[in-house]
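Participant: Please find upload.txt (compact mmCIF, C-alpha atoms) on the next line:
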# COMPACT_ATOMS: atom_id res chain seq x y z
CA MET A 131 102.34 95.89 115.67
CA GLU A 132 102.20 98.59 113.04
CA GLU A 133 102.12 101.28 115.71
CA LEU A 134 105.24 99.85 117.28
CA VAL A 135 107.10 99.91 113.96
CA SER A 136 106.08 103.46 113.16
CA SER A 137 106.99 104.70 116.63
CA THR A 138 110.50 103.24 116.40
CA ILE A 139 111.03 104.62 112.90
CA ASP A 140 110.85 108.29 113.93
CA LYS A 141 112.98 107.66 117.04
CA LYS A 142 116.75 107.68 117.23
CA ALA A 143 119.33 107.12 119.91
CA CYS A 144 121.01 110.22 121.37
CA ILE A 145 124.63 110.38 120.23
CA GLN A 146 125.80 111.01 123.82
CA CYS A 147 123.55 109.21 126.30
CA GLY A 148 121.79 106.73 123.97
CA THR A 149 118.25 107.58 125.08
CA LEU A 150 115.59 107.11 122.38
CA ILE A 151 114.52 110.57 121.22
CA ASN A 152 112.50 112.02 118.33
CA SER A 153 114.47 111.84 115.11
CA SER A 154 113.63 115.50 114.35
CA SER A 155 115.12 116.76 117.64
CA ARG A 156 118.18 118.97 117.32
CA PHE A 157 119.12 118.51 120.98
CA CYS A 158 118.68 115.59 123.35
CA PRO A 159 115.95 116.55 125.89
CA ILE A 160 117.70 114.49 128.60
CA CYS A 161 121.42 115.33 128.34
CA GLY A 162 121.33 118.39 126.05
CA ALA A 163 123.82 117.01 123.51
CA LYS A 164 123.56 118.49 120.01
CA GLN A 165 122.38 115.87 117.51
CA ILE A 166 123.63 115.53 113.94
CA LEU A 167 120.59 115.60 111.70
CA THR A 168 121.18 113.28 108.76
CA ASN A 169 119.22 115.51 106.37
CA GLU A 170 121.12 118.65 107.37
CA LEU A 171 124.43 119.36 105.67
CA SER A 172 127.36 121.44 106.80
CA LEU A 173 127.96 124.83 105.25
CA GLU A 174 130.95 123.57 103.25
CA SER A 175 129.05 120.68 101.67
CA LYS A 176 126.13 122.98 100.83
CA TRP A 177 128.54 125.38 99.17
CA LEU A 178 130.18 122.51 97.25
CA LEU A 179 126.76 121.34 96.02
CA LEU A 180 125.95 124.87 94.87
CA LYS A 181 129.24 125.07 92.99
CA GLN A 182 128.43 121.80 91.19
CA ALA A 183 125.00 123.14 90.31
CA ALA A 184 126.65 126.35 89.07
CA LEU A 185 128.92 124.34 86.76
CA PHE A 186 125.92 122.47 85.42
CA TYR A 187 123.92 125.66 84.90
CA GLY A 188 126.92 127.45 83.35
CA ILE A 189 127.21 124.72 80.70
CA TYR A 190 123.50 125.13 80.00
CA ILE A 191 123.76 128.93 79.70
CA LEU A 192 126.70 128.76 77.28
CA LEU A 193 125.22 126.05 75.05
CA CYS A 194 121.74 127.57 74.90
CA SER A 195 122.85 131.14 74.23
CA VAL A 196 125.46 130.13 71.64
CA SER A 197 123.04 127.90 69.72
CA LYS A 198 120.36 130.57 69.79
CA PHE A 199 122.29 133.77 69.09
CA VAL A 200 125.43 132.88 67.10
CA SER A 201 124.29 132.73 63.49
CA PHE A 202 127.00 130.19 62.55
CA PHE A 203 125.27 127.59 64.73
CA ASN A 204 121.82 128.37 63.35
CA THR A 205 121.55 125.25 61.24
CA LEU A 206 119.63 122.05 61.82
CA PHE A 207 122.88 120.10 62.17
CA TRP A 208 124.33 122.33 64.91
CA ASP A 209 120.99 122.49 66.70
CA LEU A 210 121.01 118.71 66.87
CA VAL A 211 124.62 118.68 68.12
CA VAL A 212 123.80 121.19 70.88
CA GLU A 213 120.66 119.24 71.80
CA VAL A 214 122.65 116.02 72.12
CA VAL A 215 125.35 117.71 74.25
CA LEU A 216 122.59 119.10 76.52
CA TRP A 217 121.10 115.61 76.87
CA ILE A 218 124.50 114.18 77.77
CA THR A 219 125.06 116.99 80.31
CA ALA A 220 121.67 116.41 81.94
CA VAL A 221 122.13 112.63 82.14
CA THR A 222 125.74 112.87 83.38
CA PHE A 223 124.92 115.26 86.24
CA PHE A 224 121.81 113.24 87.11
CA ALA A 225 123.83 110.01 87.15
CA ASP A 226 126.55 111.61 89.29
CA LYS A 227 124.02 111.70 92.14
CA TRP A 228 122.50 108.37 91.11
CA THR A 229 122.01 106.92 94.60
CA GLU A 230 119.82 109.87 95.64
CA ASN A 231 118.19 110.46 92.27
CA LYS A 232 117.22 106.94 91.23
CA ARG A 233 114.08 106.89 93.37
CA LEU A 234 112.72 109.77 91.25
CA LEU A 235 112.59 107.41 88.27
CA VAL A 236 110.29 104.98 90.09
CA TRP A 237 106.64 105.55 89.32
CA ARG A 238 104.88 104.85 92.63
CA ASN A 239 101.07 105.01 92.92
CA PHE A 240 100.54 105.19 89.19
CA SER A 241 97.04 106.44 88.54
CA TRP A 242 95.17 106.98 85.28
CA GLN A 243 92.92 109.60 86.90
CA LYS A 244 95.89 111.75 87.89
CA LEU A 245 97.46 111.31 84.47
CA ALA A 246 94.21 112.38 82.80
CA ALA A 247 93.94 115.39 85.14
CA TYR A 248 97.50 116.52 84.37
CA LEU A 249 96.84 115.97 80.63
CA ALA A 250 93.76 118.20 80.86
CA ILE A 251 95.64 120.93 82.80
CA ALA A 252 98.59 120.80 80.39
CA MET A 253 96.47 121.03 77.26
CA THR A 254 94.28 123.81 78.68
CA GLY A 255 97.38 125.70 79.75
CA SER A 256 99.00 125.30 76.37
CA VAL A 257 95.85 126.46 74.54
CA VAL A 258 95.51 129.47 76.86
CA VAL A 259 99.17 130.39 76.33
CA HIS A 260 98.77 129.93 72.57
CA TYR A 261 95.77 132.24 72.25
CA THR A 262 96.40 134.87 74.94
CA VAL A 263 100.09 135.30 74.26
CA GLY A 264 100.13 133.82 70.76
CA TRP A 265 102.42 136.54 69.48
CA LEU A 266 104.84 135.76 72.29
CA ASN A 267 104.93 132.15 71.18
CA ILE A 268 106.91 133.16 68.11
CA ALA A 269 109.64 134.41 70.40
CA ILE A 270 109.52 131.26 72.49
CA PHE A 271 109.52 128.74 69.70
CA SER A 272 111.72 130.73 67.34
CA LYS A 273 114.41 128.09 67.66
CA GLU A 274 112.07 125.37 66.45
CA GLU A 275 110.63 127.58 63.74
CA HIS A 276 112.89 126.30 61.04
CA TYR A 277 112.10 122.73 61.99
CA TYR A 278 108.49 123.52 61.09
CA ILE A 279 109.49 124.81 57.68
CA PHE A 280 111.19 121.49 57.01
CA ALA A 281 108.29 119.56 58.36
CA ARG A 282 105.34 120.92 56.45
CA GLY A 283 103.78 118.13 54.40
CA ASN A 284 106.52 115.61 55.05
CA PHE A 285 105.45 112.83 57.40
CA PHE A 286 108.99 111.74 58.38
CA TYR A 287 110.04 115.28 59.31
CA GLU A 288 106.81 115.79 61.22
CA ILE A 289 107.76 112.91 63.47
CA VAL A 290 111.26 114.36 63.95
CA VAL A 291 109.75 117.73 64.91
CA VAL A 292 107.41 116.12 67.43
CA LEU A 293 110.41 114.28 68.88
CA LEU A 294 112.56 117.41 69.10
CA THR A 295 109.94 119.78 70.49
CA ALA A 296 107.77 117.52 72.63
CA VAL A 297 109.47 114.27 73.61
CA THR A 298 113.14 115.03 74.22
CA PRO A 299 112.77 118.48 75.92
CA ALA A 300 110.15 117.00 78.25
CA LEU A 301 112.39 114.09 79.18
CA PHE A 302 115.77 115.83 79.48
CA GLU A 303 114.66 119.20 80.88
CA GLU A 304 112.75 117.38 83.61
CA ILE A 305 115.78 115.21 84.41
CA ALA A 306 118.01 118.29 84.48
CA PHE A 307 115.86 120.84 86.33
CA ARG A 308 113.28 118.90 88.35
CA GLY A 309 115.64 115.97 88.81
CA TYR A 310 119.24 117.09 89.38
CA LEU A 311 118.89 120.81 90.14
CA LEU A 312 115.79 120.67 92.36
CA ASN A 313 117.29 117.82 94.38
CA ILE A 314 120.39 119.88 95.11
CA LEU A 315 118.39 123.01 95.95
CA LEU A 316 116.20 121.02 98.36
CA LYS A 317 119.33 120.29 100.40
CA VAL A 318 120.30 123.97 100.53
CA ALA A 319 116.95 125.71 100.93
CA ASP A 320 113.45 124.89 102.17
CA ALA A 321 110.97 123.34 99.73
CA PRO A 322 109.08 126.48 98.55
CA GLN A 323 112.32 128.39 97.91
CA ALA A 324 113.89 125.38 96.13
CA ILE A 325 110.87 125.03 93.84
CA TYR A 326 110.88 128.75 93.09
CA ILE A 327 114.64 128.88 92.34
CA SER A 328 114.52 125.86 90.02
CA ALA A 329 111.51 127.40 88.24
CA PHE A 330 113.23 130.76 87.79
CA LEU A 331 116.43 129.17 86.48
CA PHE A 332 114.39 126.97 84.13
CA ALA A 333 112.45 129.99 82.85
CA ILE A 334 115.44 132.25 82.15
CA ILE A 335 117.38 129.53 80.32
CA HIS A 336 114.76 129.81 77.55
CA LEU A 337 116.33 133.24 76.85
CA SER A 338 113.05 134.89 76.03
CA PHE A 339 112.47 137.42 78.78
CA ILE A 340 108.91 138.20 77.70
CA SER A 341 107.80 134.60 78.19
CA LEU A 342 108.92 134.63 81.85
CA PHE A 343 105.28 135.45 82.66
CA TRP A 344 104.02 131.99 81.85
CA LEU A 345 107.24 129.93 82.08
CA ILE A 346 107.69 130.62 85.80
CA PRO A 347 104.15 129.51 86.85
CA PHE A 348 104.50 126.52 84.49
CA ALA A 349 107.78 125.45 86.11
CA ILE A 350 106.57 126.12 89.68
CA PHE A 351 103.58 123.86 88.97
CA ILE A 352 105.77 121.01 87.68
CA GLY A 353 108.18 121.47 90.60
CA TYR A 354 105.27 121.24 93.02
CA VAL A 355 103.96 118.10 91.27
CA ARG A 356 107.42 116.53 91.39
CA LEU A 357 107.65 117.15 95.14
CA LYS A 358 104.10 116.02 95.87
CA GLU A 359 104.23 112.82 93.81
CA ASP A 360 107.93 112.15 94.49
CA THR A 361 108.46 111.04 90.91
CA LEU A 362 109.62 112.72 87.71
CA TRP A 363 107.16 110.93 85.44
CA TYR A 364 104.04 113.06 86.01
CA GLY A 365 106.15 116.14 85.30
CA ILE A 366 107.63 114.60 82.16
CA PHE A 367 104.15 113.67 80.98
CA PHE A 368 102.78 117.15 81.80
CA HIS A 369 105.67 118.85 80.00
CA PHE A 370 105.24 116.50 77.01
CA ALA A 371 101.50 117.16 76.76
CA PHE A 372 102.06 120.94 77.00
CA ASN A 373 104.73 121.01 74.28
CA LEU A 374 102.83 118.56 72.06
CA THR A 375 99.75 120.80 72.09
CA ALA A 376 101.87 123.82 71.16
CA CYS A 377 103.59 121.75 68.46
CA LEU A 378 100.30 120.51 66.96
CA PHE A 379 99.08 124.11 66.62
CA GLU A 380 102.06 124.76 64.36
CA LEU A 381 101.91 121.56 62.34
CA LEU A 382 98.15 121.29 61.69
CA MET B 203 85.26 130.68 132.08
CA GLU B 204 87.79 128.15 130.91
CA THR B 205 89.81 130.38 128.59
CA PRO B 206 91.90 132.21 131.26
CA VAL B 207 93.12 128.85 132.55
CA LEU B 208 94.24 127.87 129.07
CA THR B 209 96.12 131.09 128.35
CA THR B 210 97.99 131.04 131.63
CA ALA B 211 98.97 127.40 131.09
CA GLN B 212 100.38 128.03 127.62
CA PRO B 213 103.61 130.01 128.32
CA THR B 214 105.06 127.25 130.51
CA GLU B 215 104.79 124.81 127.57
CA GLN B 216 107.00 126.92 125.31
CA CYS B 217 110.74 127.36 125.31
CA ASN B 218 111.84 130.80 126.55
CA ILE B 219 114.36 131.15 123.73
CA CYS B 220 112.87 129.69 120.54
CA TYR B 221 109.17 129.51 121.58
CA LYS B 222 108.84 125.94 120.38
CA ASN B 223 106.52 123.65 122.35
CA ILE B 224 108.19 121.67 125.12
CA SER B 225 107.03 118.91 127.47
CA ASP B 226 107.43 118.64 131.25
CA GLU B 227 109.86 115.71 131.05
CA ASP B 228 112.41 117.62 128.96
CA THR B 229 115.56 118.81 130.73
CA PHE B 230 116.73 120.57 127.56
CA CYS B 231 114.72 122.13 124.72
CA GLN B 232 114.71 119.70 121.77
CA ASN B 233 114.94 122.51 119.22
CA CYS B 234 117.53 124.96 120.59
CA GLY B 235 119.14 123.11 123.53
CA TYR B 236 118.08 125.66 126.19
CA PRO B 237 118.63 124.14 129.68
CA LEU B 238 114.98 124.25 130.82
CA LYS B 239 115.75 122.74 134.23
CA GLY B 240 119.30 124.05 134.49
CA THR B 241 120.69 126.44 137.10
CA GLU B 242 120.33 130.19 136.68
CA GLN B 243 123.99 130.45 135.66
CA GLU B 244 123.56 127.79 132.94
CA GLN B 245 120.52 129.57 131.56
CA LYS B 246 122.36 132.90 131.63
CA ASP B 247 125.34 131.41 129.74
CA PHE B 248 123.00 129.95 127.14
CA ARG B 249 121.33 133.33 126.63
CA LEU B 250 124.74 134.93 126.16
CA GLN B 251 125.69 132.31 123.54
CA HIS B 252 122.36 132.86 121.85
CA ASP B 253 122.98 136.62 121.70
CA PHE B 254 126.30 135.94 119.98
CA ARG B 255 124.40 134.03 117.28
CA ASN B 256 122.16 137.07 116.86
CA ILE B 257 125.21 139.30 116.38
CA ASP B 258 126.28 136.84 113.62
CA LEU B 259 122.81 137.13 112.15
CA PHE B 260 123.12 140.92 112.13
CA HIS B 261 126.45 140.61 110.29
CA PHE B 262 125.01 138.22 107.68
CA ASN B 263 121.91 140.36 107.21
CA ASP B 264 124.18 143.28 106.40
CA LYS B 265 125.80 141.33 103.55
CA VAL B 266 122.38 140.30 102.25
CA ARG B 267 121.29 143.95 102.39
CA LYS B 268 124.31 144.89 100.25
CA ALA B 269 123.39 142.19 97.71
CA GLY B 270 119.84 143.57 97.70
CA ASN B 271 121.22 147.05 97.02
CA VAL B 272 123.13 145.61 94.03
CA PHE B 273 119.78 144.48 92.60
CA TYR B 274 118.29 147.96 93.04
CA TYR B 275 121.34 149.42 91.33
CA LEU B 276 121.05 146.96 88.39
CA SER B 277 117.34 147.71 88.13
CA GLY B 278 118.07 151.42 87.82
CA ILE B 279 120.85 150.83 85.26
CA PHE B 280 118.60 148.73 83.01
CA ALA B 281 115.67 151.15 83.23
CA VAL B 282 117.79 154.23 82.49
CA SER B 283 119.96 152.67 79.74
CA GLY B 284 116.85 151.17 78.10
CA ALA B 285 115.14 154.54 78.01
CA VAL B 286 118.24 156.41 76.80
CA PHE B 287 118.86 153.86 74.02
CA TYR B 288 115.23 154.05 72.93
CA PHE B 289 115.15 157.85 72.66
CA LEU B 290 118.50 158.00 70.87
CA LYS B 291 117.69 155.34 68.28
CA LYS B 292 113.94 155.58 67.78
CA ASP B 293 114.25 154.63 64.11
CA ASP B 294 116.04 151.36 64.84
CA PRO B 295 113.53 148.49 64.26
CA ASN B 296 114.89 146.68 67.32
CA ALA B 297 114.62 149.72 69.58
CA PHE B 298 111.18 148.89 70.97
CA ALA B 299 112.07 145.24 71.65
CA ALA B 300 115.25 146.38 73.42
CA LEU B 301 113.25 148.87 75.53
CA ILE B 302 110.75 146.17 76.58
CA THR B 303 113.55 143.71 77.43
CA ASN B 304 115.37 146.34 79.50
CA LEU B 305 112.19 147.31 81.34
CA ILE B 306 111.38 143.66 82.11
CA LEU B 307 114.92 143.16 83.44
CA ALA B 308 114.59 146.32 85.54
CA MET B 309 111.29 145.04 86.98
CA VAL B 310 112.72 141.58 87.71
CA PHE B 311 115.75 143.05 89.53
CA LEU B 312 113.48 145.46 91.44
CA ALA B 313 111.35 142.51 92.59
CA LEU B 314 114.46 140.50 93.54
CA GLY B 315 115.82 143.46 95.50
CA SER B 316 112.64 144.04 97.45
CA TYR B 317 112.20 140.35 98.34
CA SER B 318 115.87 139.78 99.17
CA ARG B 319 115.36 140.47 102.89
CA LYS B 320 112.50 137.99 103.19
CA LYS B 321 113.81 135.16 101.01
CA PRO B 322 117.53 135.97 100.67
CA LEU B 323 118.69 132.64 99.22
CA ALA B 324 116.06 132.42 96.47
CA CYS B 325 116.50 136.04 95.40
CA ILE B 326 120.30 136.05 95.34
CA ILE B 327 120.63 132.77 93.39
CA SER B 328 118.03 133.96 90.87
CA GLY B 329 119.62 137.38 90.47
CA LEU B 330 123.15 135.99 90.13
CA CYS B 331 122.10 133.54 87.40
CA LEU B 332 120.10 136.19 85.56
CA TYR B 333 123.08 138.56 85.67
CA ALA B 334 125.38 135.76 84.37
CA ILE B 335 123.04 135.12 81.44
CA ILE B 336 122.92 138.83 80.60
CA LEU B 337 126.74 139.00 80.60
CA VAL B 338 126.99 135.94 78.31
CA LEU B 339 124.39 137.32 75.88
CA ASP B 340 126.11 140.72 75.84
CA ALA B 341 129.41 139.00 75.08
CA ILE B 342 127.85 137.11 72.17
CA VAL B 343 126.37 140.25 70.63
CA ASP B 344 129.51 142.31 71.27
CA PRO B 345 132.62 140.43 72.56
CA ILE B 346 134.31 143.66 73.74
CA SER B 347 131.47 144.25 76.22
CA ILE B 348 133.13 141.76 78.63
CA VAL B 349 135.99 144.17 79.30
CA ARG B 350 133.76 147.24 79.52
CA GLY B 351 133.28 148.17 83.18
CA ILE B 352 135.02 144.96 84.24
CA PHE B 353 135.86 146.23 87.74
CA LEU B 354 132.25 147.13 88.39
CA LYS B 355 131.16 143.70 87.14
CA ILE B 356 133.65 141.95 89.44
CA ILE B 357 132.43 144.03 92.40
CA ILE B 358 128.80 143.20 91.59
CA ILE B 359 129.49 139.46 91.32
CA GLY B 360 131.67 139.53 94.46
CA LEU B 361 128.95 141.25 96.51
CA LEU B 362 126.35 138.79 95.23
CA ILE B 363 128.49 135.74 96.07
CA LYS B 364 129.17 137.10 99.57
CA GLY B 365 125.45 137.71 99.94
CA LEU B 366 124.78 134.14 98.80
CA LYS B 367 127.10 132.67 101.42
CA SER B 368 125.50 134.80 104.12
CA ALA B 369 122.05 133.77 102.91
CA ILE B 370 122.92 130.11 103.48
CA GLU B 371 124.04 130.98 107.04
CA ILE B 372 120.86 132.95 107.64
CA GLU B 373 118.71 130.02 106.49
CA LYS B 374 120.54 127.80 108.98
CA ILE B 375 120.19 130.23 111.91
CA ARG B 376 116.53 130.84 111.08
CA LYS B 377 115.90 127.10 111.10
CA GLU B 378 117.68 126.64 114.44
CA ASN B 379 115.92 129.58 116.04
CA ASN B 380 112.59 128.44 114.62
CA LEU B 381 112.14 131.81 112.95
CA SER B 382 111.14 130.97 109.39
As structure tokens, how would this structure be written, given the file I've shared?

Facilitator:
Amino acid sequence: MEELVSSTIDKKACIQCGTLINSSSRFCPICGAKQILTNELSLESKWLLLKQAALFYGIYILLCSVSKFVSFFNTLFWDLVVEVVLWITAVTFFADKWTENKRLLVWRNFSWQKLAAYLAIAMTGSVVVHYTVGWLNIAIFSKEEHYYIFARGNFFYEIVVVLLTAVTPALFEEIAFRGYLLNILLKVADAPQAIYISAFLFAIIHLSFISLFWLIPFAIFIGYVRLKEDTLWYGIFFHFAFNLTACLFELL
Amino acid sequence: METPVLTTAQPTEQCNICYKNISDEDTFCQNCGYPLKGTEQEQKDFRLQHDFRNIDLFHFNDKVRKAGNVFYYLSGIFAVSGAVFYFLKKDDPNAFAALITNLILAMVFLALGSYSRKKPLACIISGLCLYAIILVLDAIVDPISIVRGIFLKIIIIGLLIKGLKSAIEIEKIRKENNLS
């Protein structure tokens, strides 16, 4: 019974002669008619998707570079405003493609072993980055630096810092880059290229060109995990664990 | 003793055009639509059509090559301007950081240029976004820098966008011809 179901699932009817053919076939082997593959888009719709992604990424570039390099915005208040606008941007674009994206928020085959493994990899990675390129870290976390000054010795501020450096970036950056952006790129390019592009774009938005060396492998790994597990949650957890470890180094 | 039999049997199981595996019952190739059991004329027509696609591919590859050349050009610009700035303003405390940043950018663009033939889409999107970020950062540091060399900047972005469109076409043709 199961065999019958599975054999009909990857079959489709030819659009011209109606014969059952493999769903991956581009042409009908009987009549030669060209089939429309549901997962393949036309050039125009691919270009439209890329333009949407460009709008999304343009907003990110402007907000990130202004908040980091214009001294007027270098206060805790403006940092929070920019953060909130980035969250809204990420959620809006993600929700715009809700029907395709919602399955990424389902946590199928939840497993403690996998979670523990990703926790171990994330913490090891973070420790390695901290010690080998510790001096680079200053460049990477320079934006959060003044949060730390606030936080020292004050329990309430310490919680705010953990929220702003570990919890919210993990959640919203994953939604934005591994959720919205990677999903669009997967429709335009093959999986390895899509993962690489999303990783590169994620790495350069941090605006610290020296840290590209570890940000790109970091993002490629999360992109790969997102594709393999077909859920965002392992990536969010991995990102959270990585940032939390880096954050604890500064606070303790 | 058995191997010669196997090797002679293999070519008949592959399509003459896209080299994907085919089965005896197929009248047309499932991947490229080649009329496997068609008349000689039909097969000839298909080959002709297929050659036209390859001429398209040649045209698109040319645009991607131009985009790749833009990356080499940018790489050179960053390397040279970084070095010149460093030797002119050695006393500036930021000079070394600027040199390192410029050299990293030069290396990144060099890598993007050399991989742009193999993975055109990935390289052109990455390079275009990196270039956009550099322009925005330059504009923040010095707003007049937007206007400086504006025609060159428009040409660079135009070539990259044309390359990007061609890269999407190439991906599609590669997929259809089972090349990637």

Participant: With a distance cut-off of 12 Å and only C-alpha atoms, select the neighbouring residues of region 237-249 of chain A, excluding the residue or stretch itself and same-chain residues fewer than 6 positions from it, and output the selection as a list in words.

Facilitator: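 Near region 237-249 of chain A, the qualifying residues are Gly255, Ser256, Phe351, Ile352, Val355, Arg356, Lys358, Glu359, Asp360, Thr361, Leu362, Trp363, Tyr364, Gly365, Ile366, Phe367, Phe368, His369, Phe370, Ala371, Phe372, Asn373, Leu374 and Thr375 of chain A.
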
Participant: Could you take the residues named above and write them with C-alpha atoms, as a JSON list (two decimals), in the coordinates of the input?

Facilitator:
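The resulting out16.json:
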[["chain", "number", "residue", "atom", "x", "y", "z"],
["A", 255, "GLY", "CA", 97.38, 125.70, 79.75],
["A", 256, "SER", "CA", 99.00, 125.30, 76.37],
["A", 351, "PHE", "CA", 103.58, 123.86, 88.97],
["A", 352, "ILE", "CA", 105.77, 121.01, 87.68],
["A", 355, "VAL", "CA", 103.96, 118.10, 91.27],
["A", 356, "ARG", "CA", 107.42, 116.53, 91.39],
["A", 358, "LYS", "CA", 104.10, 116.02, 95.87],
["A", 359, "GLU", "CA", 104.23, 112.82, 93.81],
["A", 360, "ASP", "CA", 107.93, 112.15, 94.49],
["A", 361, "THR", "CA", 108.46, 111.04, 90.91],
["A", 362, "LEU", "CA", 109.62, 112.72, 87.71],
["A", 363, "TRP", "CA", 107.16, 110.93, 85.44],
["A", 364, "TYR", "CA", 104.04, 113.06, 86.01],
["A", 365, "GLY", "CA", 106.15, 116.14, 85.30],
["A", 366, "ILE", "CA", 107.63, 114.60, 82.16],
["A", 367, "PHE", "CA", 104.15, 113.67, 80.98],
["A", 368, "PHE", "CA", 102.78, 117.15, 81.80],
["A", 369, "HIS", "CA", 105.67, 118.85, 80.00],
["A", 370, "PHE", "CA", 105.24, 116.50, 77.01],
["A", 371, "ALA", "CA", 101.50, 117.16, 76.76],
["A", 372, "PHE", "CA", 102.06, 120.94, 77.00],
["A", 373, "ASN", "CA", 104.73, 121.01, 74.28],
["A", 374, "LEU", "CA", 102.83, 118.56, 72.06],
["A", 375, "THR", "CA", 99.75, 120.80, 72.09]]

Participant: To one decimal place, how far is CA of Leu301 (chain A) from CA of Ser175 (chain A) in Å?

Facilitator: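 According to the coordinates, CA of Leu301 (chain A) and CA of Ser175 (chain A) are separated by 28.8 Å.
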
Participant: Enumerate, as a PyMOL selection string, the protein, DNA and RNA residues whose atoms approach (107.8, 126.6, 88.1) to within 12 Å, taking into account all atoms listed in the file and the coordinate frame of the file.

Facilitator: chain A and resi 304+307-308+312+322-334+342-357+365+369

Participant: Which value, in Å to one decimal, gives the distance between CA of Cys194 (chain A) and CA of Val282 (chain B)?

Facilitator: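 Between CA of Cys194 (chain A) and CA of Val282 (chain B) the gap is 28.0 Å.
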
Participant: Could you tell me which residues of chain B sit within 6 Å of chain A when counting all atoms listed in the file, and give me the result as a list of chain:residue names?

Facilitator: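 Result, ordered by chain then number: B:Asp228, B:Thr229, B:Phe230, B:Cys231, B:Gln232, B:Asn233, B:Gly235, B:Ala324.
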
Participant: What is the CA of Arg233 (chain A)-CA of Asn313 (chain A) distance in Å, reported with one decimal?

Facilitator: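 Between CA of Arg233 (chain A) and CA of Asn313 (chain A) the gap is 11.4 Å.
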
Participant: What's the 12 Å shell around Val215 (chain A), counting all atoms listed in the file, without same-chain residues fewer than 3 positions away, as a CSV table (one decimal) with C-alpha atoms, in the coordinates of the input?

Facilitator:
chain,number,residue,atom,x,y,z
A,189,ILE,CA,127.2,124.7,80.7
A,190,TYR,CA,123.5,125.1,80.0
A,192,LEU,CA,126.7,128.8,77.3
A,193,LEU,CA,125.2,126.0,75.0
A,194,CYS,CA,121.7,127.6,74.9
A,197,SER,CA,123.0,127.9,69.7
A,208,TRP,CA,124.3,122.3,64.9
A,209,ASP,CA,121.0,122.5,66.7
A,210,LEU,CA,121.0,118.7,66.9
A,211,VAL,CA,124.6,118.7,68.1
A,212,VAL,CA,123.8,121.2,70.9
A,218,ILE,CA,124.5,114.2,77.8
A,219,THR,CA,125.1,117.0,80.3
A,220,ALA,CA,121.7,116.4,81.9
A,221,VAL,CA,122.1,112.6,82.1
A,222,THR,CA,125.7,112.9,83.4
A,302,PHE,CA,115.8,115.8,79.5

Participant: Could you tell me which of A:Leu185, A:Val291, A:Leu381, A:Ala376 comes closest to Ala252 (chain A) if we count only C-alpha atoms?

Facilitator: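 For Ala252 (chain A), the nearest of the given residues is A:Ala376.
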
Participant: Output as CSV one row per residue of region 261-300 of chain B within 12 Å of region 350-368 of chain B: the closest atom pair and its distance in Å to one decimal place, counting all atoms listed in the file, sorted by chain and residue number ascending.

Facilitator:
residue,atom,partner,partner_atom,distance
B:His261,CA,B:Ser368,CA,8.5
B:Phe262,CA,B:Ser368,CA,5.0
B:Asn263,CA,B:Ser368,CA,7.3
B:Asp264,CA,B:Gly365,CA,8.6
B:Lys265,CA,B:Gly365,CA,5.1
B:Val266,CA,B:Gly365,CA,4.6
B:Arg267,CA,B:Gly365,CA,7.9
B:Lys268,CA,B:Leu361,CA,7.0
B:Ala269,CA,B:Leu362,CA,5.1
B:Gly270,CA,B:Gly365,CA,8.4
B:Asn271,CA,B:Leu361,CA,9.7
B:Val272,CA,B:Ile358,CA,6.6
B:Phe273,CA,B:Leu362,CA,9.1
B:Tyr274,CA,B:Ile358,CA,11.6
B:Tyr275,CA,B:Ile358,CA,9.7
B:Leu276,CA,B:Ile358,CA,9.2

Participant: Could you complete region 296-304 of chain A so that it carries N, CA and C atoms, and give it back as a PDB file, in the coordinates of the input?

Facilitator:
ATOM      1  N   ALA A 296     108.642 118.010  71.569  1.00  0.00           N
ATOM      2  CA  ALA A 296     107.770 117.520  72.630  1.00  0.00           C
ATOM      3  C   ALA A 296     108.421 116.427  73.483  1.00  0.00           C
ATOM      4  N   VAL A 297     109.016 115.425  72.843  1.00  0.00           N
ATOM      5  CA  VAL A 297     109.470 114.270  73.610  1.00  0.00           C
ATOM      6  C   VAL A 297     110.783 114.537  74.331  1.00  0.00           C
ATOM      7  N   THR A 298     111.820 114.912  73.575  1.00  0.00           N
ATOM      8  CA  THR A 298     113.140 115.030  74.220  1.00  0.00           C
ATOM      9  C   THR A 298     113.250 116.218  75.193  1.00  0.00           C
ATOM     10  N   PRO A 299     112.700 117.423  74.895  1.00  0.00           N
ATOM     11  CA  PRO A 299     112.770 118.480  75.920  1.00  0.00           C
ATOM     12  C   PRO A 299     112.067 118.060  77.197  1.00  0.00           C
ATOM     13  N   ALA A 300     110.882 117.424  77.055  1.00  0.00           N
ATOM     14  CA  ALA A 300     110.150 117.000  78.250  1.00  0.00           C
ATOM     15  C   ALA A 300     111.019 116.083  79.097  1.00  0.00           C
ATOM     16  N   LEU A 301     111.605 115.087  78.448  1.00  0.00           N
ATOM     17  CA  LEU A 301     112.390 114.090  79.180  1.00  0.00           C
ATOM     18  C   LEU A 301     113.644 114.709  79.811  1.00  0.00           C
ATOM     19  N   PHE A 302     114.457 115.412  78.987  1.00  0.00           N
ATOM     20  CA  PHE A 302     115.770 115.830  79.480  1.00  0.00           C
ATOM     21  C   PHE A 302     115.705 117.096  80.334  1.00  0.00           C
ATOM     22  N   GLU A 303     114.783 118.012  80.022  1.00  0.00           N
ATOM     23  CA  GLU A 303     114.660 119.200  80.880  1.00  0.00           C
ATOM     24  C   GLU A 303     114.143 118.806  82.257  1.00  0.00           C
ATOM     25  N   GLU A 304     113.237 117.834  82.301  1.00  0.00           N
ATOM     26  CA  GLU A 304     112.750 117.380  83.610  1.00  0.00           C
ATOM     27  C   GLU A 304     113.878 116.734  84.403  1.00  0.00           C
TER      28      GLU A 304
END
